[in-house]
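Q: Input structure: target30.tsv, which contains TSV, C-alpha atoms.
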chain	number	residue	atom	x	y	z
A	1	MET	CA	-6.92	-45.35	-9.90
A	2	PRO	CA	-3.51	-43.61	-9.81
A	3	LYS	CA	-0.85	-45.62	-8.02
A	4	ARG	CA	0.67	-43.90	-4.99
A	5	TYR	CA	2.80	-46.59	-3.37
A	6	PHE	CA	5.36	-48.92	-4.92
A	7	SER	CA	6.97	-52.13	-3.77
A	8	GLU	CA	10.35	-51.09	-5.23
A	9	PRO	CA	12.60	-49.28	-2.74
A	10	TYR	CA	12.67	-45.50	-3.15
A	11	GLN	CA	15.38	-43.98	-5.33
A	12	PHE	CA	16.05	-40.26	-5.61
A	13	ILE	CA	15.13	-38.57	-8.92
A	14	SER	CA	17.17	-35.50	-9.81
A	15	PRO	CA	15.95	-32.37	-11.66
A	16	GLU	CA	16.78	-31.22	-15.18
A	17	GLU	CA	18.80	-28.01	-15.08
A	18	SER	CA	17.81	-26.64	-18.51
A	19	THR	CA	14.71	-24.49	-19.06
A	20	TRP	CA	13.72	-25.33	-22.64
A	21	ALA	CA	10.71	-27.40	-21.53
A	22	LEU	CA	9.50	-24.58	-19.29
A	23	ASP	CA	9.94	-22.06	-22.08
A	24	LEU	CA	7.80	-24.29	-24.30
A	25	ILE	CA	5.12	-24.84	-21.67
A	26	ARG	CA	4.85	-21.09	-21.13
A	27	HIS	CA	3.24	-20.78	-24.56
A	28	ILE	CA	0.64	-23.44	-23.73
A	29	THR	CA	-0.48	-22.16	-20.33
A	30	PRO	CA	-2.54	-19.19	-21.61
A	31	LEU	CA	-5.05	-21.77	-22.87
A	32	TYR	CA	-4.46	-24.50	-20.28
A	33	PHE	CA	-5.17	-22.39	-17.20
A	34	PRO	CA	-8.60	-21.01	-18.16
A	35	LEU	CA	-9.87	-24.02	-20.13
A	36	VAL	CA	-8.58	-26.94	-18.03
A	37	LEU	CA	-7.89	-25.56	-14.54
A	38	ASN	CA	-10.65	-22.90	-14.65
A	39	ILE	CA	-8.20	-20.27	-13.34
A	40	LYS	CA	-8.97	-16.98	-15.09
A	41	GLY	CA	-7.35	-14.29	-12.96
A	42	TRP	CA	-4.03	-13.64	-11.21
A	43	GLN	CA	-2.58	-11.45	-8.51
A	44	PHE	CA	1.00	-11.55	-7.15
A	45	PRO	CA	1.18	-9.20	-4.14
A	46	GLY	CA	4.64	-9.19	-2.61
A	47	LEU	CA	6.39	-10.11	-5.86
A	48	GLY	CA	8.84	-7.28	-5.16
A	49	HIS	CA	10.09	-9.16	-2.08
A	50	LEU	CA	11.18	-12.05	-4.29
A	51	LEU	CA	12.78	-9.70	-6.82
A	52	ASP	CA	14.70	-8.06	-3.97
A	53	SER	CA	16.16	-11.44	-2.99
A	54	TYR	CA	17.18	-12.00	-6.61
A	55	LYS	CA	19.04	-8.66	-6.56
A	56	LYS	CA	20.90	-9.76	-3.44
A	57	GLN	CA	21.95	-12.93	-5.31
A	58	ALA	CA	20.59	-15.00	-2.44
A	59	GLY	CA	19.84	-18.67	-2.20
A	60	ILE	CA	16.04	-18.58	-1.94
A	61	LEU	CA	13.69	-21.06	-0.27
A	62	LEU	CA	9.96	-20.51	-0.89
A	63	CYS	CA	7.59	-22.18	1.60
A	64	SER	CA	3.99	-22.24	0.37
A	65	ASN	CA	0.69	-23.52	1.70
A	66	HIS	CA	-0.84	-26.37	-0.30
A	67	GLN	CA	-4.59	-26.43	-0.99
A	68	SER	CA	-4.96	-28.38	-4.22
A	69	GLY	CA	-3.21	-30.07	-7.10
A	70	GLN	CA	-3.40	-26.78	-9.03
A	71	ASP	CA	-0.93	-25.10	-6.66
A	72	PRO	CA	2.28	-26.10	-8.51
A	73	PHE	CA	0.89	-24.70	-11.77
A	74	VAL	CA	-0.09	-21.45	-10.06
A	75	LEU	CA	3.38	-21.10	-8.55
A	76	GLY	CA	4.77	-21.68	-12.03
A	77	LYS	CA	2.95	-18.49	-13.02
A	78	LEU	CA	4.64	-16.74	-10.08
A	79	ALA	CA	7.99	-17.93	-11.42
A	80	GLU	CA	7.10	-16.63	-14.86
A	81	ALA	CA	6.11	-13.26	-13.37
A	82	SER	CA	9.43	-13.08	-11.49
A	83	GLY	CA	11.42	-13.75	-14.67
A	84	ARG	CA	13.18	-16.83	-13.28
A	85	TRP	CA	12.02	-20.47	-13.03
A	86	PHE	CA	11.97	-22.43	-9.78
A	87	HIS	CA	13.21	-25.81	-8.67
A	88	PHE	CA	10.65	-27.68	-6.60
A	89	LEU	CA	10.27	-30.81	-4.49
A	90	ALA	CA	7.52	-33.28	-5.42
A	91	SER	CA	6.46	-36.55	-3.86
A	92	HIS	CA	8.34	-39.41	-5.53
A	93	HIS	CA	5.15	-41.27	-6.50
A	94	LEU	CA	4.30	-38.50	-8.99
A	95	PHE	CA	7.45	-39.31	-10.98
A	96	LYS	CA	6.57	-43.00	-11.10
A	97	GLN	CA	2.89	-42.82	-12.04
A	98	SER	CA	3.88	-42.48	-15.70
A	99	ASP	CA	7.12	-42.07	-17.61
A	100	LEU	CA	5.73	-38.99	-19.38
A	101	LEU	CA	4.70	-37.22	-16.17
A	102	GLY	CA	7.97	-38.10	-14.45
A	103	GLU	CA	10.07	-36.75	-17.30
A	104	LEU	CA	7.94	-33.61	-17.54
A	105	LEU	CA	8.35	-32.91	-13.82
A	106	ARG	CA	12.13	-33.36	-14.11
A	107	ARG	CA	12.38	-31.00	-17.08
A	108	MET	CA	10.27	-28.43	-15.23
A	109	GLY	CA	12.87	-28.39	-12.46
A	110	GLY	CA	11.26	-30.88	-10.08
A	111	TYR	CA	13.04	-33.50	-8.01
A	112	SER	CA	11.78	-36.18	-5.67
A	113	ILE	CA	11.21	-36.25	-1.94
A	114	PHE	CA	10.25	-39.35	0.05
A	115	ARG	CA	7.51	-38.11	2.37
A	116	ASP	CA	7.29	-41.18	4.58
A	117	GLY	CA	10.82	-41.40	5.90
A	118	PRO	CA	14.19	-39.64	5.95
A	119	ASP	CA	15.45	-38.57	2.51
A	120	LEU	CA	18.93	-37.21	3.09
A	121	VAL	CA	19.74	-37.29	-0.64
A	122	SER	CA	16.88	-34.89	-1.40
A	123	VAL	CA	17.92	-32.67	1.52
A	124	LYS	CA	21.49	-32.61	0.23
A	125	LYS	CA	20.26	-31.67	-3.27
A	126	THR	CA	18.18	-28.83	-1.85
A	127	VAL	CA	21.15	-27.54	0.13
A	128	GLY	CA	23.29	-27.58	-3.03
A	129	LEU	CA	20.65	-25.71	-5.05
A	130	LEU	CA	20.31	-23.04	-2.34
A	131	ARG	CA	24.07	-22.51	-2.23
A	132	GLU	CA	24.26	-22.27	-6.03
A	133	GLY	CA	21.40	-19.74	-6.08
A	134	ARG	CA	20.57	-20.04	-9.77
A	135	ARG	CA	16.90	-20.69	-9.08
A	136	ALA	CA	14.65	-20.36	-6.04
A	137	VAL	CA	13.63	-23.67	-4.48
A	138	LEU	CA	9.94	-24.24	-3.74
A	139	VAL	CA	8.67	-26.59	-1.02
A	140	PHE	CA	5.25	-27.39	0.45
A	141	PRO	CA	6.11	-27.90	4.14
A	142	GLU	CA	2.60	-29.21	4.95
A	143	GLY	CA	3.64	-32.35	3.04
A	144	THR	CA	0.33	-32.81	1.22
A	145	TYR	CA	-2.75	-30.72	0.53
A	146	PHE	CA	-5.67	-30.51	2.93
A	147	LYS	CA	-8.39	-28.63	1.00
A	148	GLN	CA	-8.65	-25.92	3.65
A	149	ASN	CA	-7.53	-22.87	1.72
A	150	ASP	CA	-7.96	-20.47	4.66
A	151	ARG	CA	-5.82	-22.51	7.07
A	152	VAL	CA	-2.21	-23.67	7.10
A	153	ALA	CA	-1.93	-27.24	8.37
A	154	PRO	CA	0.82	-28.35	10.81
A	155	LEU	CA	4.20	-28.41	9.04
A	156	GLN	CA	6.37	-31.48	8.63
A	157	ASP	CA	10.01	-31.58	9.63
A	158	GLY	CA	12.73	-30.97	7.08
A	159	VAL	CA	12.76	-27.27	6.19
A	160	SER	CA	14.84	-26.30	9.22
A	161	LEU	CA	17.39	-29.01	8.39
A	162	MET	CA	17.69	-27.77	4.79
A	163	LEU	CA	18.24	-24.18	5.90
A	164	ARG	CA	20.64	-25.04	8.68
A	165	GLN	CA	22.88	-27.03	6.34
A	166	ALA	CA	22.63	-24.48	3.51
A	167	MET	CA	23.82	-21.69	5.82
A	168	ARG	CA	27.04	-23.51	6.67
A	169	ASN	CA	29.97	-22.19	4.64
A	170	SER	CA	27.64	-20.60	2.08
A	171	SER	CA	29.18	-17.90	-0.11
A	172	ARG	CA	25.79	-16.21	-0.60
A	173	PRO	CA	22.98	-15.14	1.77
A	174	ILE	CA	20.24	-17.72	2.33
A	175	ARG	CA	16.77	-16.17	2.37
A	176	LEU	CA	13.43	-17.67	3.32
A	177	HIS	CA	10.09	-16.45	1.92
A	178	ALA	CA	6.72	-17.54	3.26
A	179	VAL	CA	4.16	-17.80	0.45
A	180	ALA	CA	0.34	-17.98	0.61
A	181	ILE	CA	-2.03	-19.09	-2.16
A	182	LYS	CA	-5.73	-18.23	-2.06
A	183	TYR	CA	-8.41	-19.02	-4.65
A	184	TRP	CA	-11.48	-16.81	-5.03
A	185	PHE	CA	-14.54	-17.88	-7.03
A	186	LEU	CA	-15.47	-15.39	-9.73
A	187	GLU	CA	-18.96	-16.94	-10.09
A	188	ASP	CA	-21.26	-18.58	-7.55
A	189	PRO	CA	-20.51	-22.35	-7.44
A	190	MET	CA	-23.45	-23.21	-5.17
A	191	PRO	CA	-26.03	-24.08	-7.89
A	192	GLU	CA	-23.66	-26.72	-9.28
A	193	LEU	CA	-22.83	-28.05	-5.82
A	194	ARG	CA	-26.54	-28.39	-4.98
A	195	GLN	CA	-27.05	-30.42	-8.14
A	196	LYS	CA	-24.15	-32.71	-7.17
A	197	TRP	CA	-25.61	-33.25	-3.69
A	198	THR	CA	-28.98	-34.16	-5.20
A	199	ARG	CA	-27.36	-36.69	-7.56
A	200	MET	CA	-25.35	-38.24	-4.72
A	201	GLN	CA	-28.42	-38.60	-2.53
A	202	ARG	CA	-30.27	-40.23	-5.41
A	203	ASP	CA	-27.38	-42.64	-6.03
A	204	TRP	CA	-27.21	-43.46	-2.31
A	205	GLN	CA	-31.02	-43.95	-2.23
A	206	LEU	CA	-31.47	-41.24	0.36
A	207	GLU	CA	-34.30	-38.76	0.74
A	208	ASP	CA	-33.92	-35.67	-1.43
A	209	ASP	CA	-33.47	-32.71	0.94
A	210	SER	CA	-32.97	-30.03	-1.75
A	211	GLY	CA	-35.26	-27.64	0.13
A	212	GLU	CA	-32.98	-27.58	3.17
A	213	ASP	CA	-30.32	-25.05	4.15
A	214	ASP	CA	-27.01	-25.55	2.29
A	215	LEU	CA	-24.99	-26.24	5.44
A	216	VAL	CA	-27.53	-28.78	6.67
A	217	ARG	CA	-27.31	-30.56	3.33
A	218	LEU	CA	-23.51	-30.45	3.30
A	219	GLU	CA	-23.32	-32.03	6.76
A	220	ARG	CA	-25.65	-34.86	5.72
A	221	VAL	CA	-23.59	-35.52	2.60
A	222	LEU	CA	-20.40	-35.55	4.68
A	223	ARG	CA	-21.86	-37.99	7.18
A	224	GLN	CA	-23.02	-40.40	4.50
A	225	GLY	CA	-19.81	-40.05	2.50
A	226	VAL	CA	-17.53	-40.66	5.49
A	227	MET	CA	-19.49	-43.78	6.44
A	228	ARG	CA	-18.90	-45.11	2.93
A	229	LEU	CA	-15.21	-44.24	3.12
A	230	LEU	CA	-14.42	-45.57	6.58
A	231	GLY	CA	-16.89	-48.44	6.80
A	232	PRO	CA	-18.14	-49.94	10.09
A	233	ALA	CA	-15.68	-47.86	12.16
A	234	ALA	CA	-17.70	-44.74	11.31
A	235	LEU	CA	-21.16	-46.01	12.23
A	236	ASP	CA	-21.35	-43.48	15.09
A	237	LEU	CA	-22.07	-40.90	12.37
A	238	ALA	CA	-25.37	-42.69	11.68
A	239	ARG	CA	-26.78	-41.79	15.08
A	240	PRO	CA	-30.04	-39.82	14.89
A	241	ASP	CA	-28.94	-37.08	17.36
A	242	PHE	CA	-27.27	-34.78	14.82
A	243	PRO	CA	-29.17	-31.48	15.07
A	244	SER	CA	-26.26	-29.95	17.01
A	245	LYS	CA	-23.59	-28.34	14.85
A	246	GLU	CA	-20.81	-29.71	17.09
A	247	ASN	CA	-21.74	-33.31	16.52
A	248	PHE	CA	-20.07	-33.98	13.18
A	249	ASP	CA	-16.60	-32.72	14.13
A	250	THR	CA	-16.54	-34.08	17.67
A	251	THR	CA	-17.90	-37.48	16.60
A	252	LEU	CA	-15.50	-37.80	13.67
A	253	ARG	CA	-12.54	-36.85	15.88
A	254	SER	CA	-13.56	-39.41	18.49
A	255	ILE	CA	-13.87	-42.11	15.81
A	256	MET	CA	-10.40	-41.30	14.48
A	257	ALA	CA	-8.88	-41.01	17.97
A	258	ARG	CA	-10.24	-44.47	18.77
A	259	GLU	CA	-8.88	-45.89	15.52
A	260	PHE	CA	-5.36	-44.55	16.10
A	261	GLU	CA	-5.37	-44.89	19.91
A	262	VAL	CA	-5.07	-41.16	20.55
A	263	ASP	CA	-5.93	-39.65	23.94
A	264	VAL	CA	-5.64	-35.85	23.70
A	265	THR	CA	-8.12	-33.39	25.17
A	266	THR	CA	-7.91	-30.35	22.85
A	267	PRO	CA	-9.33	-30.54	19.29
A	268	GLU	CA	-6.13	-29.20	17.70
A	269	GLY	CA	-3.98	-31.53	19.78
A	270	THR	CA	-6.18	-34.48	18.84
A	271	ILE	CA	-5.90	-33.70	15.12
A	272	ALA	CA	-2.10	-33.36	15.34
A	273	ALA	CA	-1.83	-36.65	17.22
A	274	ILE	CA	-4.10	-38.46	14.72
A	275	TRP	CA	-2.01	-37.08	11.86
A	276	GLN	CA	1.15	-38.45	13.48
A	277	GLY	CA	-0.58	-41.78	14.01
A	278	ILE	CA	-1.51	-41.95	10.33
A	279	ARG	CA	2.07	-41.15	9.28
A	280	LYS	CA	3.47	-43.82	11.59
A	281	LYS	CA	1.05	-46.45	10.30
A	282	ARG	CA	1.79	-45.52	6.69
A	283	GLN	CA	5.54	-45.86	7.27
A	284	GLU	CA	4.94	-49.34	8.69
A	285	LEU	CA	2.82	-50.35	5.69
A	286	ILE	CA	5.36	-49.01	3.18
A	287	LYS	CA	8.08	-51.11	4.81
A	288	GLU	CA	5.73	-54.09	4.57
A	289	LEU	CA	5.05	-53.25	0.92
A	290	ASN	CA	8.77	-53.21	0.11
A	291	GLN	CA	8.93	-56.84	1.30
A	292	THR	CA	6.19	-58.08	-1.05
A	293	GLN	CA	8.11	-57.87	-4.34
A	294	GLY	CA	7.12	-60.81	-6.53
A	295	ASP	CA	4.08	-61.70	-4.42
A	296	ASN	CA	1.13	-60.06	-6.15
A	297	ASP	CA	-1.48	-61.20	-3.62
A	298	ALA	CA	0.54	-59.85	-0.69
A	299	GLU	CA	1.17	-56.58	-2.52
A	300	ASP	CA	-2.54	-56.14	-3.32
A	301	GLU	CA	-3.40	-56.69	0.34
A	302	VAL	CA	-0.95	-54.01	1.54
A	303	GLN	CA	-2.04	-51.62	-1.23
A	304	GLY	CA	-5.62	-52.02	-0.01
A	305	LYS	CA	-4.56	-51.13	3.54
A	306	LEU	CA	-2.69	-48.06	2.26
A	307	LEU	CA	-5.75	-46.89	0.31
A	308	GLY	CA	-7.90	-47.30	3.41
A	309	LEU	CA	-5.36	-45.28	5.38
A	310	LEU	CA	-5.54	-42.54	2.74
A	311	HIS	CA	-9.29	-42.34	3.32
A	312	TRP	CA	-8.66	-41.78	7.03
A	313	GLU	CA	-6.11	-39.09	6.19
A	314	ASN	CA	-8.53	-37.31	3.87
A	315	ALA	CA	-11.33	-37.50	6.43
A	316	LEU	CA	-9.08	-35.72	8.91
A	317	SER	CA	-9.49	-32.46	6.97
A	318	LEU	CA	-13.32	-32.65	6.85
A	319	SER	CA	-14.79	-30.13	9.26
A	320	MET	CA	-18.19	-28.52	9.55
A	321	ASP	CA	-16.75	-26.19	12.19
A	322	TYR	CA	-14.43	-24.84	9.49
A	323	VAL	CA	-17.42	-24.13	7.23
A	324	ARG	CA	-19.67	-22.70	9.93
A	325	GLU	CA	-16.90	-20.42	11.19
A	326	LYS	CA	-17.03	-18.59	7.87
A	327	PRO	CA	-19.61	-20.10	5.48
A	328	THR	CA	-18.16	-18.80	2.23
A	329	ALA	CA	-18.63	-20.53	-1.12
A	330	GLU	CA	-14.91	-21.29	-1.09
A	331	ARG	CA	-15.06	-23.16	2.23
A	332	VAL	CA	-18.19	-25.08	1.27
A	333	TRP	CA	-16.60	-26.19	-2.00
A	334	GLU	CA	-13.25	-27.10	-0.40
A	335	THR	CA	-14.92	-29.31	2.20
A	336	PHE	CA	-17.17	-31.09	-0.28
A	337	ALA	CA	-14.35	-31.41	-2.84
A	338	ARG	CA	-12.18	-33.27	-0.30
A	339	LEU	CA	-14.99	-35.81	0.21
A	340	GLU	CA	-15.67	-36.06	-3.53
A	341	GLU	CA	-11.99	-36.66	-4.31
A	342	SER	CA	-11.84	-39.41	-1.71
A	343	LEU	CA	-14.94	-41.14	-3.08
A	344	THR	CA	-13.89	-40.95	-6.73
A	345	ASP	CA	-10.08	-41.01	-6.31
A	346	ARG	CA	-9.88	-38.12	-8.78
A	347	GLU	CA	-9.09	-34.48	-8.14
A	348	SER	CA	-12.13	-32.22	-8.25
A	349	PRO	CA	-11.69	-29.29	-10.67
A	350	PHE	CA	-13.01	-25.88	-9.77
A	351	PRO	CA	-16.70	-25.89	-10.78
A	352	LYS	CA	-16.60	-22.18	-11.67
A	353	PRO	CA	-13.83	-19.78	-12.72
A	354	VAL	CA	-11.49	-18.66	-9.95
A	355	GLU	CA	-8.86	-16.01	-9.42
A	356	ALA	CA	-5.58	-17.10	-7.84
A	357	VAL	CA	-3.84	-14.75	-5.41
A	358	VAL	CA	-0.22	-15.63	-4.60
A	359	CYS	CA	1.25	-13.48	-1.82
A	360	VAL	CA	5.01	-13.52	-1.22
A	361	GLY	CA	6.25	-12.52	2.23
A	362	GLU	CA	9.36	-10.53	3.00
A	363	GLY	CA	12.64	-12.37	2.65
A	364	VAL	CA	14.23	-13.45	5.93
A	365	ASP	CA	18.03	-13.47	5.85
A	366	MET	CA	18.68	-16.60	7.88
A	367	ALA	CA	22.16	-15.53	8.98
A	368	THR	CA	21.17	-12.16	10.47
A	369	GLU	CA	17.43	-12.03	11.13
A	370	ALA	CA	16.34	-15.55	12.03
A	371	LYS	CA	16.68	-15.23	15.81
A	372	ILE	CA	15.12	-11.76	15.89
A	373	MET	CA	12.12	-12.92	13.87
A	374	GLY	CA	11.73	-16.20	15.72
A	375	LEU	CA	12.80	-18.25	12.71
A	376	ASP	CA	16.09	-19.66	13.95
A	377	PRO	CA	16.28	-23.04	12.15
A	378	GLN	CA	18.20	-24.49	15.08
A	379	GLY	CA	15.36	-23.70	17.48
A	380	SER	CA	12.53	-26.08	18.32
A	381	GLY	CA	9.91	-23.44	17.48
A	382	PHE	CA	10.97	-22.95	13.88
A	383	ALA	CA	8.07	-24.89	12.30
A	384	VAL	CA	5.56	-23.07	14.52
A	385	ALA	CA	7.00	-19.67	13.61
A	386	LEU	CA	7.12	-20.46	9.88
A	387	ARG	CA	3.53	-21.70	9.94
A	388	SER	CA	2.50	-18.49	11.71
A	389	ARG	CA	4.10	-16.37	8.97
A	390	MET	CA	2.35	-18.38	6.26
A	391	GLN	CA	-0.98	-18.10	8.08
A	392	ASN	CA	-0.56	-14.33	8.54
A	393	LEU	CA	-0.09	-13.92	4.79
A	394	LEU	CA	-3.16	-16.03	4.13
A	395	ASP	CA	-5.19	-14.02	6.64
A	396	THR	CA	-4.13	-10.81	4.93
A	397	ILE	CA	-5.55	-12.11	1.63
A	398	THR	CA	-8.80	-13.47	3.08
A	399	LYS	CA	-9.50	-10.29	5.04
A	400	GLY	CA	-9.35	-8.33	1.80
A	401	ALA	CA	-12.33	-8.02	-0.49
A	402	PRO	CA	-12.78	-10.87	-2.97
A	403	PRO	CA	-12.72	-9.93	-6.65
A	404	ALA	CA	-15.94	-8.52	-8.04
How does the structure come out when it is put into structure tokens?

A:
Amino acid sequence: MPKRYFSEPYQFISPEESTWALDLIRHITPLYFPLVLNIKGWQFPGLGHLLDSYKKQAGILLCSNHQSGQDPFVLGKLAEASGRWFHFLASHHLFKQSDLLGELLRRMGGYSIFRDGPDLVSVKKTVGLLREGRRAVLVFPEGTYFKQNDRVAPLQDGVSLMLRQAMRNSSRPIRLHAVAIKYWFLEDPMPELRQKWTRMQRDWQLEDDSGEDDLVRLERVLRQGVMRLLGPAALDLARPDFPSKENFDTTLRSIMAREFEVDVTTPEGTIAAIWQGIRKKRQELIKELNQTQGDNDAEDEVQGKLLGLLHWENALSLSMDYVREKPTAERVWETFARLEESLTDRESPFPKPVEAVVCVGEGVDMATEAKIMGLDPQGSGFAVALRSRMQNLLDTITKGAPPA
């Protein structure tokens, strides 16, 4: 099980400025992407927008949606296509999981961000990199990935602060680009998913329902999987009255609202409030973890609570409404993969080859266009406006025809 939380207080990890490691990795990726990540096609619509910002010698901030652990590698291919490598922010736990991974991330241009509290050192580093303008800086403003590739999740705070400070006394223009990543399956993944569902039902000693509709089967697997993840708190999902398609989402939301003492009427408002409740609880547990140094039993207890909280966080992105709204193979796989990753604590690779589409939006000059375009970083609606731009790019991709 990869370790995500550490009793030692957080310390900022700076990036390596050279590119020799990236130049070396570039010769490995032609094999790594198709054989390991199962990514066998590429498209970069809007690449010219990024090249235009390079010509203007701007400080560039790229804000991308985050669907899976493959996203940073895919954006590395965008950097390669643009002819210039990126700097990027990564959660600090990735640098500490192993010395090799941490050093590799640094030499690829990555630096740490503490997601569960203020990290002014990381903000200051980002501001400095934007003012220098040697490389674009990549951030995932959703904070983590949600396995809903057709939707942009609510954005965390921080991007507006970075831009606002970078604009002060900057000798170069500061430009913001929304970015959207979309994965299309090149082969039908459903036969493999049906086999996985059958194996899970056998392991859970449940009746084999392989003759049922795929969405009916997926909902049953989700119900059983969530009950195993969340324990007694999720027993409402075992009720027999589940023929209605609304039941899974509404029942799961009510379970989570009860757990985190949320009282909001709209589904979207409830999800946002639950997410904030999870973040607040995690911040409390991390502070508690920092006080356990030298006490292994106490640390194990807090680590167990943090893992349980992660299961609640992952369950938040499980939605049959999302699948039924547009029952594509991509949405079915995303939803099941989130459950599978939670149960196994390992990332689920694409079961069939995919094509990655990375769309880059027009550059927004923050000094001259931000207010006109509704992206003024000093305004309270900045995160909403940025999310809307990211979602519009994603909608443009998904409305297009998938690859043959």

Q: Mind listing as a list in words all residues within 10 Å of (-2.7, -29.4, -12.5), counting all atoms listed in the file?

A: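 Residues close enough to count: Tyr32, Phe33, Val36, Leu37, Ser68, Gly69, Gln70, Asp71, Pro72, Phe73, Val74, Glu347 and Pro349 of chain A.
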
Q: What's the separation between atom CA of A:Gly361 and atom CA of A:Val159, in Å to one decimal place?

A: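 Atom CA of A:Val159 lies 16.6 Å from atom CA of A:Gly361.
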
Q: In Å, with one decimal, what is the gap from atom CA of A:Leu386 to atom CA of A:His177?

A: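 Interatomic distance here is 9.4 Å.
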
Q: Give me the residues near stretch 309-311 of chain A as a VMD selection string, where near means some atom within 12 Å (using all atoms listed in the file) and where sequence neighbours in that chain fewer than 6 positions away do not count.

A: chain A and resid 4 to 5 144 225 to 231 234 256 259 to 260 274 to 275 277 to 286 302 to 303 317 to 318 338 to 345

Q: Between atom CA of A:Leu75 and atom CA of A:Asp23, what is the spacing in Å?

A: 15.1 Å
